[in-house]
Amino acid sequence: DAKTTQPPSMDCAEGRAANLPCNHSTISGNEYVYWYRQIHSQGPQYIIHGLKNNETNEMASLIITEDRKSSTLILPHATLRDTAVYYCIVGWNGQNFVFGPGTRLSVLP
Amino acid sequence: DSGVTQTPKHLITATGQRVTLRCSPRSGDLSVYWYQQSLDQGLQFLIQYYNGEERAKGNILERFSAQQFPDLHSELNLSSLELGDSALYFCASSGQGRARTDTQYFGPGTRLTVL
């Protein structure tokens, strides 16, 4: 079973920030939080990952709560091309990935 | 482009047949992972190889097998195919698994249709 819980679907207006939550209350001390997305039937695309500090890259920001039991992926200015299924995964050193059903994000014009 | 390549893109075959899917990892990556994604089950981890040796096993059927060759490419062999094996098969690769910055990069997948 996946170690994370995500809402099944979310909508976001184009140009607005998309905030995707994830609960991972059983995360252990050495496990990272990883985010991927899958557009249609393409291969999952790596977005970002972090341990306990907030992280930002050219695609998104990752906010991890202090107790590490939940996190939020932020797409600062969502576009129609960001419509996808977003997966939150916990694992270590890029291994032991268990994919749940993810969140289907629809960016609306 | 993740740097992971998979061939073929599409494969159509009949029940009872055997097929081989191929994956080339990113340059320098030692680990290869195979996943199956069917409509009703999402992404399921099948097996991981690290530098030619099996490292982890997931929900892989006995009819399925994999190997990783000295040049680090990997093949997934599916035999005695059934209708339910129709799915997308993804390969991913990662580094040595020792760096905390390691993560998996996925290929474009092979769509298998069993008729």
# chains A, B, ... in the order shown; residues from 1 in each chain; ligands from 1

$ residues_around --residues "Asp71 of chain B" --least-positions-apart "6" --cutoff "10 Å" --atoms "only C-alpha atoms" --output "NGL selection string"
:B and (24-25 or 30 or 51-52)

$ residues_around --residues "Pro8 of chain B" --least-positions-apart "3" --cutoff "8 Å" --atoms "only C-alpha atoms" --output "list in words"
Leu11, Leu21, Arg22 and Thr110 of chain B

$ atom_distance --atom1 "atom CA of Gln67 of chain B" --atom2 "atom CA of Gly95 of chain B"
17.5 Å

$ residues_around --residues "segment 76-84 of chain B" --least-positions-apart "4" --cutoff "8 Å" --atoms "only C-alpha atoms" --output "list in words"
Ala14, Thr15, Gly16, Gln17, Arg18, Val19, Thr20, Leu21, Arg22, Trp34, Arg63, Phe64, Ser65, Ala66, Gln67, Thr113, Val114 and Leu115 of chain B

$ residues_around --residues "Val85 of chain A" --least-positions-apart "2" --cutoff "8 Å" --atoms "only C-alpha atoms" --output "JSON, numbers by chain"
{"A": [37, 38, 39, 83, 87, 102, 103, 104, 105]}

$ write_last_selection --atoms "all heavy atoms" --output "PDB file, in the first residue's frame"
ATOM      1  N   ARG A  37       4.776  13.620 -11.866  1.00  0.00           N
ATOM      2  CA  ARG A  37       3.500  13.795 -12.549  1.00  0.00           C
ATOM      3  C   ARG A  37       3.487  12.949 -13.823  1.00  0.00           C
ATOM      4  O   ARG A  37       4.531  12.641 -14.385  1.00  0.00           O
ATOM      5  CB  ARG A  37       3.227  15.254 -12.872  1.00  0.00           C
ATOM      6  CG  ARG A  37       4.071  15.856 -13.984  1.00  0.00           C
ATOM      7  CD  ARG A  37       3.703  17.305 -14.161  1.00  0.00           C
ATOM      8  NE  ARG A  37       4.463  17.943 -15.249  1.00  0.00           N
ATOM      9  CZ  ARG A  37       4.361  19.237 -15.551  1.00  0.00           C
ATOM     10  NH1 ARG A  37       3.551  20.028 -14.847  1.00  0.00           N
ATOM     11  NH2 ARG A  37       5.062  19.740 -16.541  1.00  0.00           N
ATOM     12  N   GLN A  38       2.284  12.603 -14.236  1.00  0.00           N
ATOM     13  CA  GLN A  38       2.119  11.793 -15.430  1.00  0.00           C
ATOM     14  C   GLN A  38       1.057  12.445 -16.307  1.00  0.00           C
ATOM     15  O   GLN A  38      -0.103  12.594 -15.889  1.00  0.00           O
ATOM     16  CB  GLN A  38       1.719  10.356 -15.087  1.00  0.00           C
ATOM     17  CG  GLN A  38       1.714   9.429 -16.277  1.00  0.00           C
ATOM     18  CD  GLN A  38       1.470   7.985 -15.911  1.00  0.00           C
ATOM     19  OE1 GLN A  38       0.868   7.681 -14.883  1.00  0.00           O
ATOM     20  NE2 GLN A  38       1.936   7.059 -16.746  1.00  0.00           N
ATOM     21  N   ILE A  39       1.475  12.829 -17.477  1.00  0.00           N
ATOM     22  CA  ILE A  39       0.595  13.481 -18.439  1.00  0.00           C
ATOM     23  C   ILE A  39       0.119  12.424 -19.426  1.00  0.00           C
ATOM     24  O   ILE A  39       0.943  11.792 -20.095  1.00  0.00           O
ATOM     25  CB  ILE A  39       1.332  14.617 -19.173  1.00  0.00           C
ATOM     26  CG1 ILE A  39       1.778  15.673 -18.158  1.00  0.00           C
ATOM     27  CG2 ILE A  39       0.445  15.220 -20.249  1.00  0.00           C
ATOM     28  CD1 ILE A  39       2.682  16.739 -18.731  1.00  0.00           C
ATOM     29  N   THR A  83      -1.905  20.119 -16.587  1.00  0.00           N
ATOM     30  CA  THR A  83      -2.963  19.137 -16.353  1.00  0.00           C
ATOM     31  C   THR A  83      -2.351  17.741 -16.418  1.00  0.00           C
ATOM     32  O   THR A  83      -1.756  17.362 -17.428  1.00  0.00           O
ATOM     33  CB  THR A  83      -4.085  19.278 -17.394  1.00  0.00           C
ATOM     34  OG1 THR A  83      -4.760  20.516 -17.196  1.00  0.00           O
ATOM     35  CG2 THR A  83      -5.082  18.129 -17.282  1.00  0.00           C
ATOM     36  N   TYR A  87       1.728  12.520  -8.389  1.00  0.00           N
ATOM     37  CA  TYR A  87       1.985  11.478  -7.397  1.00  0.00           C
ATOM     38  C   TYR A  87       2.952  11.980  -6.336  1.00  0.00           C
ATOM     39  O   TYR A  87       4.002  12.540  -6.661  1.00  0.00           O
ATOM     40  CB  TYR A  87       2.605  10.241  -8.044  1.00  0.00           C
ATOM     41  CG  TYR A  87       1.770   9.566  -9.093  1.00  0.00           C
ATOM     42  CD1 TYR A  87       2.010   9.777 -10.447  1.00  0.00           C
ATOM     43  CD2 TYR A  87       0.744   8.692  -8.738  1.00  0.00           C
ATOM     44  CE1 TYR A  87       1.258   9.140 -11.415  1.00  0.00           C
ATOM     45  CE2 TYR A  87      -0.009   8.048  -9.703  1.00  0.00           C
ATOM     46  CZ  TYR A  87       0.243   8.286 -11.042  1.00  0.00           C
ATOM     47  OH  TYR A  87      -0.498   7.646 -11.987  1.00  0.00           O
ATOM     48  N   GLY A 102      -2.683   8.982  -6.760  1.00  0.00           N
ATOM     49  CA  GLY A 102      -2.330  10.350  -7.089  1.00  0.00           C
ATOM     50  C   GLY A 102      -3.505  11.308  -7.085  1.00  0.00           C
ATOM     51  O   GLY A 102      -4.642  10.950  -6.742  1.00  0.00           O
ATOM     52  N   THR A 103      -3.210  12.553  -7.475  1.00  0.00           N
ATOM     53  CA  THR A 103      -4.220  13.600  -7.619  1.00  0.00           C
ATOM     54  C   THR A 103      -4.314  13.994  -9.081  1.00  0.00           C
ATOM     55  O   THR A 103      -3.310  14.356  -9.689  1.00  0.00           O
ATOM     56  CB  THR A 103      -3.860  14.855  -6.800  1.00  0.00           C
ATOM     57  OG1 THR A 103      -3.865  14.547  -5.409  1.00  0.00           O
ATOM     58  CG2 THR A 103      -4.848  15.988  -7.078  1.00  0.00           C
ATOM     59  N   ARG A 104      -5.515  13.933  -9.617  1.00  0.00           N
ATOM     60  CA  ARG A 104      -5.711  14.376 -10.999  1.00  0.00           C
ATOM     61  C   ARG A 104      -5.970  15.872 -10.980  1.00  0.00           C
ATOM     62  O   ARG A 104      -7.016  16.321 -10.519  1.00  0.00           O
ATOM     63  CB  ARG A 104      -6.868  13.634 -11.648  1.00  0.00           C
ATOM     64  CG  ARG A 104      -7.094  13.995 -13.116  1.00  0.00           C
ATOM     65  CD  ARG A 104      -8.135  13.091 -13.744  1.00  0.00           C
ATOM     66  NE  ARG A 104      -7.730  11.702 -13.748  1.00  0.00           N
ATOM     67  CZ  ARG A 104      -6.943  11.146 -14.656  1.00  0.00           C
ATOM     68  NH1 ARG A 104      -6.489  11.870 -15.661  1.00  0.00           N
ATOM     69  NH2 ARG A 104      -6.629   9.861 -14.586  1.00  0.00           N
ATOM     70  N   LEU A 105      -5.005  16.657 -11.442  1.00  0.00           N
ATOM     71  CA  LEU A 105      -5.122  18.113 -11.487  1.00  0.00           C
ATOM     72  C   LEU A 105      -5.619  18.533 -12.858  1.00  0.00           C
ATOM     73  O   LEU A 105      -5.029  18.175 -13.873  1.00  0.00           O
ATOM     74  CB  LEU A 105      -3.761  18.773 -11.210  1.00  0.00           C
ATOM     75  CG  LEU A 105      -3.741  20.303 -11.347  1.00  0.00           C
ATOM     76  CD1 LEU A 105      -4.570  20.947 -10.240  1.00  0.00           C
ATOM     77  CD2 LEU A 105      -2.321  20.828 -11.340  1.00  0.00           C
TER      78      LEU A 105
END

$ closest_atom_pairs --of "chain B" --to "chain A" --cutoff "10 Å" --atoms "only C-alpha atoms" --output "Markdown table"
| residue | atom | partner | partner_atom | distance |
| --- | --- | --- | --- | --- |
| B:Asp1 | CA | A:Gln45 | CA | 9.3 |
| B:Ser2 | CA | A:Gln45 | CA | 7.9 |
| B:Val4 | CA | A:Gly43 | CA | 10.0 |
| B:Ser31 | CA | A:Gln95 | CA | 9.5 |
| B:Tyr33 | CA | A:Gln95 | CA | 9.3 |
| B:Gln37 | CA | A:Ser41 | CA | 9.3 |
| B:Gln41 | CA | A:Pro101 | CA | 8.6 |
| B:Gly42 | CA | A:Pro101 | CA | 6.4 |
| B:Leu43 | CA | A:Phe99 | CA | 5.9 |
| B:Gln44 | CA | A:Phe99 | CA | 7.1 |
| B:Phe45 | CA | A:Val98 | CA | 7.2 |
| B:Gln48 | CA | A:Gln95 | CA | 9.1 |
| B:Ala56 | CA | A:Asn96 | CA | 8.6 |
| B:Gly58 | CA | A:Asn96 | CA | 9.7 |
| B:Leu88 | CA | A:Ser41 | CA | 8.0 |
| B:Tyr89 | CA | A:Gly43 | CA | 9.3 |
| B:Phe90 | CA | A:Gly43 | CA | 6.8 |
| B:Cys91 | CA | A:Gly43 | CA | 8.6 |
| B:Ala92 | CA | A:Gly43 | CA | 8.9 |
| B:Ser93 | CA | A:Gly94 | CA | 9.3 |
| B:Ser94 | CA | A:Gly94 | CA | 6.9 |
| B:Gly95 | CA | A:Gly94 | CA | 8.3 |
| B:Gln96 | CA | A:Asn93 | CA | 8.6 |
| B:Gly97 | CA | A:Asn93 | CA | 5.1 |
| B:Arg98 | CA | A:Asn93 | CA | 6.1 |
| B:Ala99 | CA | A:Asn93 | CA | 6.0 |
| B:Arg100 | CA | A:Asn93 | CA | 4.7 |
| B:Thr101 | CA | A:Asn93 | CA | 6.6 |
| B:Asp102 | CA | A:Gly94 | CA | 4.9 |
| B:Thr103 | CA | A:Gly94 | CA | 3.9 |
| B:Gln104 | CA | A:Gly94 | CA | 5.7 |
| B:Tyr105 | CA | A:Tyr46 | CA | 6.6 |
| B:Phe106 | CA | A:Gly43 | CA | 5.6 |
| B:Gly107 | CA | A:Gly43 | CA | 5.6 |
| B:Pro108 | CA | A:Gly43 | CA | 4.6 |
| B:Gly109 | CA | A:Gly43 | CA | 6.0 |
| B:Thr110 | CA | A:Gly43 | CA | 9.6 |
| B:Arg111 | CA | A:Ser41 | CA | 9.3 |

$ closest_residue --among "B:Ile60, B:Leu112, B:Ala87, B:Cys23" --to "Leu39 of chain B" --atoms "only C-alpha atoms"
B:Ala87

$ atom_distance --atom1 "atom CA of Gln6 of chain B" --atom2 "atom CA of Asp85 of chain B"
17.9 Å

$ atom_distance --atom1 "atom CA of Asn57 of chain A" --atom2 "atom CA of Leu73 of chain A"
11.4 Å
